[in-house]
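Asker: One structure, as structure tokens, below. Some questions next.
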Amino acid sequence: MHKPSPYLVAKLRKHEALQKRCGPGTAPYAKALRQLESGGSAAAADDDCRYLVSISYNRGLGNRILAIASAFLYAVLTERALLIEQYHGDVAALFCEPFPETTWLFPDGRRFPLRILRDLDGKSKESLGNLLKNTSSSSSWSDRPPPYVYLNLEGGADFHDKLFYCDEQQRLLRGAPWLLMKTDCYLAPGLFLAPSLQGELHRMFPEKNAVFHHLGRYLFHPANAVWHNITAYHREHLAGAGKLVGIQLRVYRGETAQVSQVVLDQALSCARREKLLPAAGTNTTNATLSLSEQTTVLVTSLNPWYYERIRDELGGGVHQPSQERWQRSEDTAHDMKALSEMYLLSTCDVLLTSGMSTFGYVAQGLAGQAPWLMPRRPPWEAPATEVPDPPCVRAASPEPCFHSPSSYNCAARRNYDDIGKAAPFVRRCEDASWWIKLV
Ligand code: GDP
């Protein structure tokens, strides 16, 4: 059981007040917009509001949740109001408003002076990386900060974009009234490595293995319709089980029957080796076993085949809430099911997840529980034809992995010798050694 530190709680209350004071519909918000429209570049006065807009784009829900959690953490740290640019309007359908008496939804993009929000990418001249490349001396920035800076922190971010994680650039960014952030990653480990942010982060999160857990539990309250699905499904199929085991099997487009078989064998081999499931047939067929002693299995996957095979293997007590078959984008009903399943997984006593999946990261993070992780090859490589040995490893913490860390050690002005040893609270990830996570 992870408890938020009193300091984090106080910080969140303070941030709620800031969101209310600066949010859409307030005089400071109107003023900041006017300044942006006129291309004004005056630094925000101390009492003015500053903003961080999280731009969402075509990625799965797991990636988008990690992106919003990261933007929120950065907004709290830097005392900016967080605004979410909605991807096809589904944030409102998925989540409740987290901040009282205001909205975190970025008002209709068409009214916003930057019609180009969606087109911002690493080539945009307003990106931090390009501003740094094109400005001979950064001191010109401190006098006249740009009205807005685009933070390109996607998987494809380059060296200059990633200078974002350096103290010097953090100081420069303070003066910009608007920051526009695009990422598909969980940035917290990168923020923890910036010395100027570290002190505050340590006070907020004395337990480094529960950063996403606290952010996620605070921020992502499923909207009523989603919450109804979660609680109804839980009541009907999962409540009362002695032990609830969640198995998340991530399927990629074009997965062949042979690959599915390897993935199934990997999951069952992990379950046997780590004694996560009862031996075949000894669970539901044993009449002397009461419900409270039984193991119930929740399978989530796009493919119903796994659920059928696991049910055959165990003889019952296996449930799969949806069988969507294909990943879809711009489909709110599909995303609502995905969110329900991340939450249902987070209620499990034991988790077995697919490596490299942000869907699994969100479930384990909300649960605050380190999963058994099944390593797998990245989707751009040919899939494995044999079950790896070992079939699974226990993750070092419930924290999501950061998929795009900067290898540059700003303080030392050279690359890290081993980024996995950059600080006692970071480690290389179990699913890919070039990623890092908090532990
Ligand atoms: P990642 O691609 O594994 O990192 O996870 P994402 O959540 O970012 O993208 C995968 C998307 O595919 C999800 O958001 C869902 O839309 C869909 N998806 C993948 N696995 C499942 C599943 O087990 N259940 C449901 N309902 N949807 C899934």
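The chains in the structure tokens are called A, B, ... from first to last as shown; in each chain the residues are counted from 1, and the ligands are counted from 1 in the order shown.
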When the cut-off is 7 Å and you count only C-alpha atoms and all ligand atoms, which residues lie near ligand 1, shown as a list in words?

Answerer: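 With only C-alpha atoms and all ligand atoms and a cut-off of 7 Å, ligand 1 is contacted by Arg59, Gly60, Leu61, Gly62, Asn63, Arg64, Gln248, Leu249, Arg250, Val251, Thr300, Ser301, Leu302, Ser322, Gln323, Glu324, Gln327, Arg328, His334, Asp335, Lys337, Ala338, Glu341, Met356, Ser357, Thr358, Phe359 and Gly360 of chain A.
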
Asker: Using only C-alpha atoms, please write the residues we just selected to a file, as an mmCIF file, in the first residue's frame.

Answerer:
data_model
loop_
_atom_site.group_PDB
_atom_site.id
_atom_site.type_symbol
_atom_site.label_atom_id
_atom_site.label_comp_id
_atom_site.auth_asym_id
_atom_site.auth_seq_id
_atom_site.Cartn_x
_atom_site.Cartn_y
_atom_site.Cartn_z
ATOM 1 C CA ARG A 59 -1.059 6.863 -30.198
ATOM 2 C CA GLY A 60 -2.626 4.092 -28.118
ATOM 3 C CA LEU A 61 -4.296 4.971 -24.841
ATOM 4 C CA GLY A 62 -1.422 3.660 -22.706
ATOM 5 C CA ASN A 63 1.017 6.037 -24.403
ATOM 6 C CA ARG A 64 -1.418 8.922 -24.071
ATOM 7 C CA GLN A 248 -2.065 -9.012 -20.261
ATOM 8 C CA LEU A 249 -1.142 -10.336 -23.684
ATOM 9 C CA ARG A 250 -0.335 -7.594 -26.165
ATOM 10 C CA VAL A 251 -1.049 -8.562 -29.756
ATOM 11 C CA THR A 300 -6.832 -8.965 -21.436
ATOM 12 C CA SER A 301 -5.879 -9.131 -25.058
ATOM 13 C CA LEU A 302 -7.101 -8.011 -28.446
ATOM 14 C CA SER A 322 -13.527 -7.638 -24.480
ATOM 15 C CA GLN A 323 -12.252 -9.087 -27.716
ATOM 16 C CA GLU A 324 -11.554 -6.093 -29.909
ATOM 17 C CA GLN A 327 -6.240 -1.770 -32.312
ATOM 18 C CA ARG A 328 -8.304 1.199 -33.496
ATOM 19 C CA HIS A 334 -12.692 1.189 -28.088
ATOM 20 C CA ASP A 335 -10.649 3.465 -25.797
ATOM 21 C CA LYS A 337 -12.852 -0.619 -23.109
ATOM 22 C CA ALA A 338 -9.073 -0.274 -23.005
ATOM 23 C CA GLU A 341 -9.305 -3.214 -18.717
ATOM 24 C CA MET A 356 7.297 -3.159 -24.090
ATOM 25 C CA SER A 357 3.622 -2.378 -23.584
ATOM 26 C CA THR A 358 2.483 0.942 -22.148
ATOM 27 C CA PHE A 359 -0.980 -0.642 -21.675
ATOM 28 C CA GLY A 360 0.625 -2.994 -19.134
#

Asker: To test your reading of the structure, identify every residue in region 104-327 of chain A that backbone DSSP assigns to strand (DSSP E or B), and report it as number ranges by chain.

Answerer: A: 105, 127, 148-152, 178-182, 222, 243-249, 295-301, 318-319

Asker: Go ahead and save the picked residues with N, CA and C atoms, as a compact mmCIF listing (two decimals), in the first residue's frame.

Answerer:
# COMPACT_ATOMS: atom_id res chain seq x y z
N LEU A 105 -9.43 20.79 -19.89
CA LEU A 105 -9.55 20.62 -21.35
C LEU A 105 -9.22 21.93 -22.04
N SER A 127 10.51 24.75 -31.91
CA SER A 127 10.85 23.68 -30.96
C SER A 127 12.08 24.10 -30.16
N TYR A 148 6.01 31.29 -27.08
CA TYR A 148 5.76 29.88 -26.78
C TYR A 148 6.91 29.03 -27.29
N VAL A 149 7.09 27.91 -26.62
CA VAL A 149 8.15 26.97 -27.02
C VAL A 149 7.51 25.60 -27.15
N TYR A 150 7.85 24.94 -28.23
CA TYR A 150 7.35 23.60 -28.45
C TYR A 150 8.38 22.59 -27.93
N LEU A 151 7.93 21.71 -27.05
CA LEU A 151 8.84 20.70 -26.48
C LEU A 151 8.61 19.38 -27.21
N ASN A 152 9.55 19.07 -28.07
CA ASN A 152 9.43 17.85 -28.87
C ASN A 152 10.07 16.70 -28.09
N TRP A 178 4.03 30.16 -22.55
CA TRP A 178 3.34 28.96 -23.03
C TRP A 178 4.37 27.90 -23.42
N LEU A 179 4.18 26.69 -22.90
CA LEU A 179 4.96 25.54 -23.38
C LEU A 179 3.97 24.55 -23.98
N LEU A 180 4.32 24.03 -25.14
CA LEU A 180 3.48 23.05 -25.82
C LEU A 180 4.26 21.75 -25.88
N MET A 181 3.76 20.72 -25.21
CA MET A 181 4.55 19.48 -25.08
C MET A 181 3.90 18.33 -25.86
N LYS A 182 4.73 17.68 -26.67
CA LYS A 182 4.23 16.48 -27.33
C LYS A 182 5.16 15.32 -26.98
N PRO A 222 -11.79 7.39 -13.92
CA PRO A 222 -12.62 7.06 -15.09
C PRO A 222 -13.96 7.80 -15.03
N LYS A 243 -7.75 -15.41 -5.07
CA LYS A 243 -6.57 -14.78 -5.66
C LYS A 243 -6.93 -14.40 -7.09
N LEU A 244 -6.62 -13.17 -7.43
CA LEU A 244 -6.96 -12.68 -8.76
C LEU A 244 -5.67 -12.48 -9.55
N VAL A 245 -5.54 -13.23 -10.63
CA VAL A 245 -4.32 -13.14 -11.44
C VAL A 245 -4.67 -12.45 -12.76
N GLY A 246 -3.98 -11.37 -13.09
CA GLY A 246 -4.22 -10.65 -14.34
C GLY A 246 -3.14 -10.98 -15.36
N ILE A 247 -3.57 -11.37 -16.55
CA ILE A 247 -2.60 -11.70 -17.61
C ILE A 247 -2.88 -10.78 -18.80
N GLN A 248 -1.90 -9.95 -19.14
CA GLN A 248 -2.06 -9.01 -20.26
C GLN A 248 -1.22 -9.49 -21.42
N LEU A 249 -1.87 -9.80 -22.53
CA LEU A 249 -1.14 -10.34 -23.68
C LEU A 249 -1.30 -9.38 -24.86
N THR A 295 -8.61 -19.42 -7.45
CA THR A 295 -7.89 -18.44 -8.25
C THR A 295 -8.77 -18.06 -9.44
N THR A 296 -8.95 -16.78 -9.64
CA THR A 296 -9.67 -16.31 -10.81
C THR A 296 -8.67 -15.59 -11.71
N VAL A 297 -8.81 -15.81 -13.02
CA VAL A 297 -7.86 -15.23 -13.95
C VAL A 297 -8.56 -14.22 -14.85
N LEU A 298 -7.98 -13.04 -14.93
CA LEU A 298 -8.47 -12.02 -15.85
C LEU A 298 -7.48 -11.94 -17.01
N VAL A 299 -7.94 -12.24 -18.21
CA VAL A 299 -7.07 -12.14 -19.38
C VAL A 299 -7.47 -10.90 -20.15
N THR A 300 -6.50 -10.06 -20.52
CA THR A 300 -6.83 -8.97 -21.44
C THR A 300 -5.95 -9.11 -22.67
N SER A 301 -6.59 -9.02 -23.79
CA SER A 301 -5.88 -9.13 -25.06
C SER A 301 -6.82 -8.70 -26.17
N VAL A 318 -11.81 -18.28 -15.77
CA VAL A 318 -11.02 -17.37 -16.60
C VAL A 318 -11.98 -16.41 -17.30
N HIS A 319 -11.62 -15.12 -17.31
CA HIS A 319 -12.52 -14.12 -17.90
C HIS A 319 -11.75 -13.15 -18.79

Asker: Which neighbours of region 264-270 of chain A fall inside 6 Å, counting only C-alpha atoms, when residues of the same chain fewer than 2 positions from it are skipped, and could you give them as a list of chain:residue names?

Answerer: A:Gln261, A:Val262, A:Arg272, A:Arg273, A:Glu274, A:Val387, A:Pro391, A:Cys392

Asker: Take CA of Ser196 (chain A) and CA of Tyr408 (chain A) and report the distance between them in Å, one decimal.

Answerer: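 Computed distance, CA of Ser196 (chain A) to CA of Tyr408 (chain A), equals 15.7 Å.
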
Asker: As a PDB file with N, CA and C atoms, in the first residue's frame, please: the residues near Ala382 (chain A) (cut-off 12 Å, only C-alpha atoms, same-chain neighbours under 4 positions excluded).

Answerer:
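Done, and the output landed in selection-v1.pdb:
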ATOM      1  N   TYR A 252       0.190  -7.740 -31.670  1.00  0.00           N
ATOM      2  CA  TYR A 252       0.478  -6.752 -32.717  1.00  0.00           C
ATOM      3  C   TYR A 252      -0.186  -7.194 -34.023  1.00  0.00           C
ATOM      4  N   GLY A 254      -1.036  -8.453 -37.519  1.00  0.00           N
ATOM      5  CA  GLY A 254      -0.394  -9.456 -38.369  1.00  0.00           C
ATOM      6  C   GLY A 254       0.225 -10.601 -37.583  1.00  0.00           C
ATOM      7  N   GLU A 255      -0.149 -10.753 -36.288  1.00  0.00           N
ATOM      8  CA  GLU A 255       0.425 -11.847 -35.501  1.00  0.00           C
ATOM      9  C   GLU A 255      -0.031 -13.201 -36.064  1.00  0.00           C
ATOM     10  N   THR A 256       0.910 -14.078 -36.337  1.00  0.00           N
ATOM     11  CA  THR A 256       0.560 -15.384 -36.916  1.00  0.00           C
ATOM     12  C   THR A 256       0.198 -16.369 -35.807  1.00  0.00           C
ATOM     13  N   VAL A 259       3.196 -17.389 -33.827  1.00  0.00           N
ATOM     14  CA  VAL A 259       3.626 -16.410 -32.814  1.00  0.00           C
ATOM     15  C   VAL A 259       2.696 -16.479 -31.600  1.00  0.00           C
ATOM     16  N   ARG A 376       9.866  -9.582 -24.724  1.00  0.00           N
ATOM     17  CA  ARG A 376       9.533  -9.899 -26.116  1.00  0.00           C
ATOM     18  C   ARG A 376      10.324  -8.995 -27.041  1.00  0.00           C
ATOM     19  N   ARG A 377      10.365  -9.368 -28.293  1.00  0.00           N
ATOM     20  CA  ARG A 377      11.095  -8.524 -29.239  1.00  0.00           C
ATOM     21  C   ARG A 377      10.225  -7.331 -29.607  1.00  0.00           C
ATOM     22  N   PRO A 378      10.861  -6.210 -29.945  1.00  0.00           N
ATOM     23  CA  PRO A 378      10.056  -5.049 -30.337  1.00  0.00           C
ATOM     24  C   PRO A 378       9.272  -5.333 -31.616  1.00  0.00           C
ATOM     25  N   GLU A 386      10.747 -19.151 -30.360  1.00  0.00           N
ATOM     26  CA  GLU A 386      10.815 -20.026 -29.184  1.00  0.00           C
ATOM     27  C   GLU A 386      10.568 -19.221 -27.918  1.00  0.00           C
TER      28      GLU A 386
END

Asker: Which residue, A:Gly156, A:Pro146, A:Gly317, A:Pro28, has the smallest gap to Cys49 (chain A) when you use only C-alpha atoms?

Answerer: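 Smallest distance to Cys49 (chain A) is found for A:Pro28.
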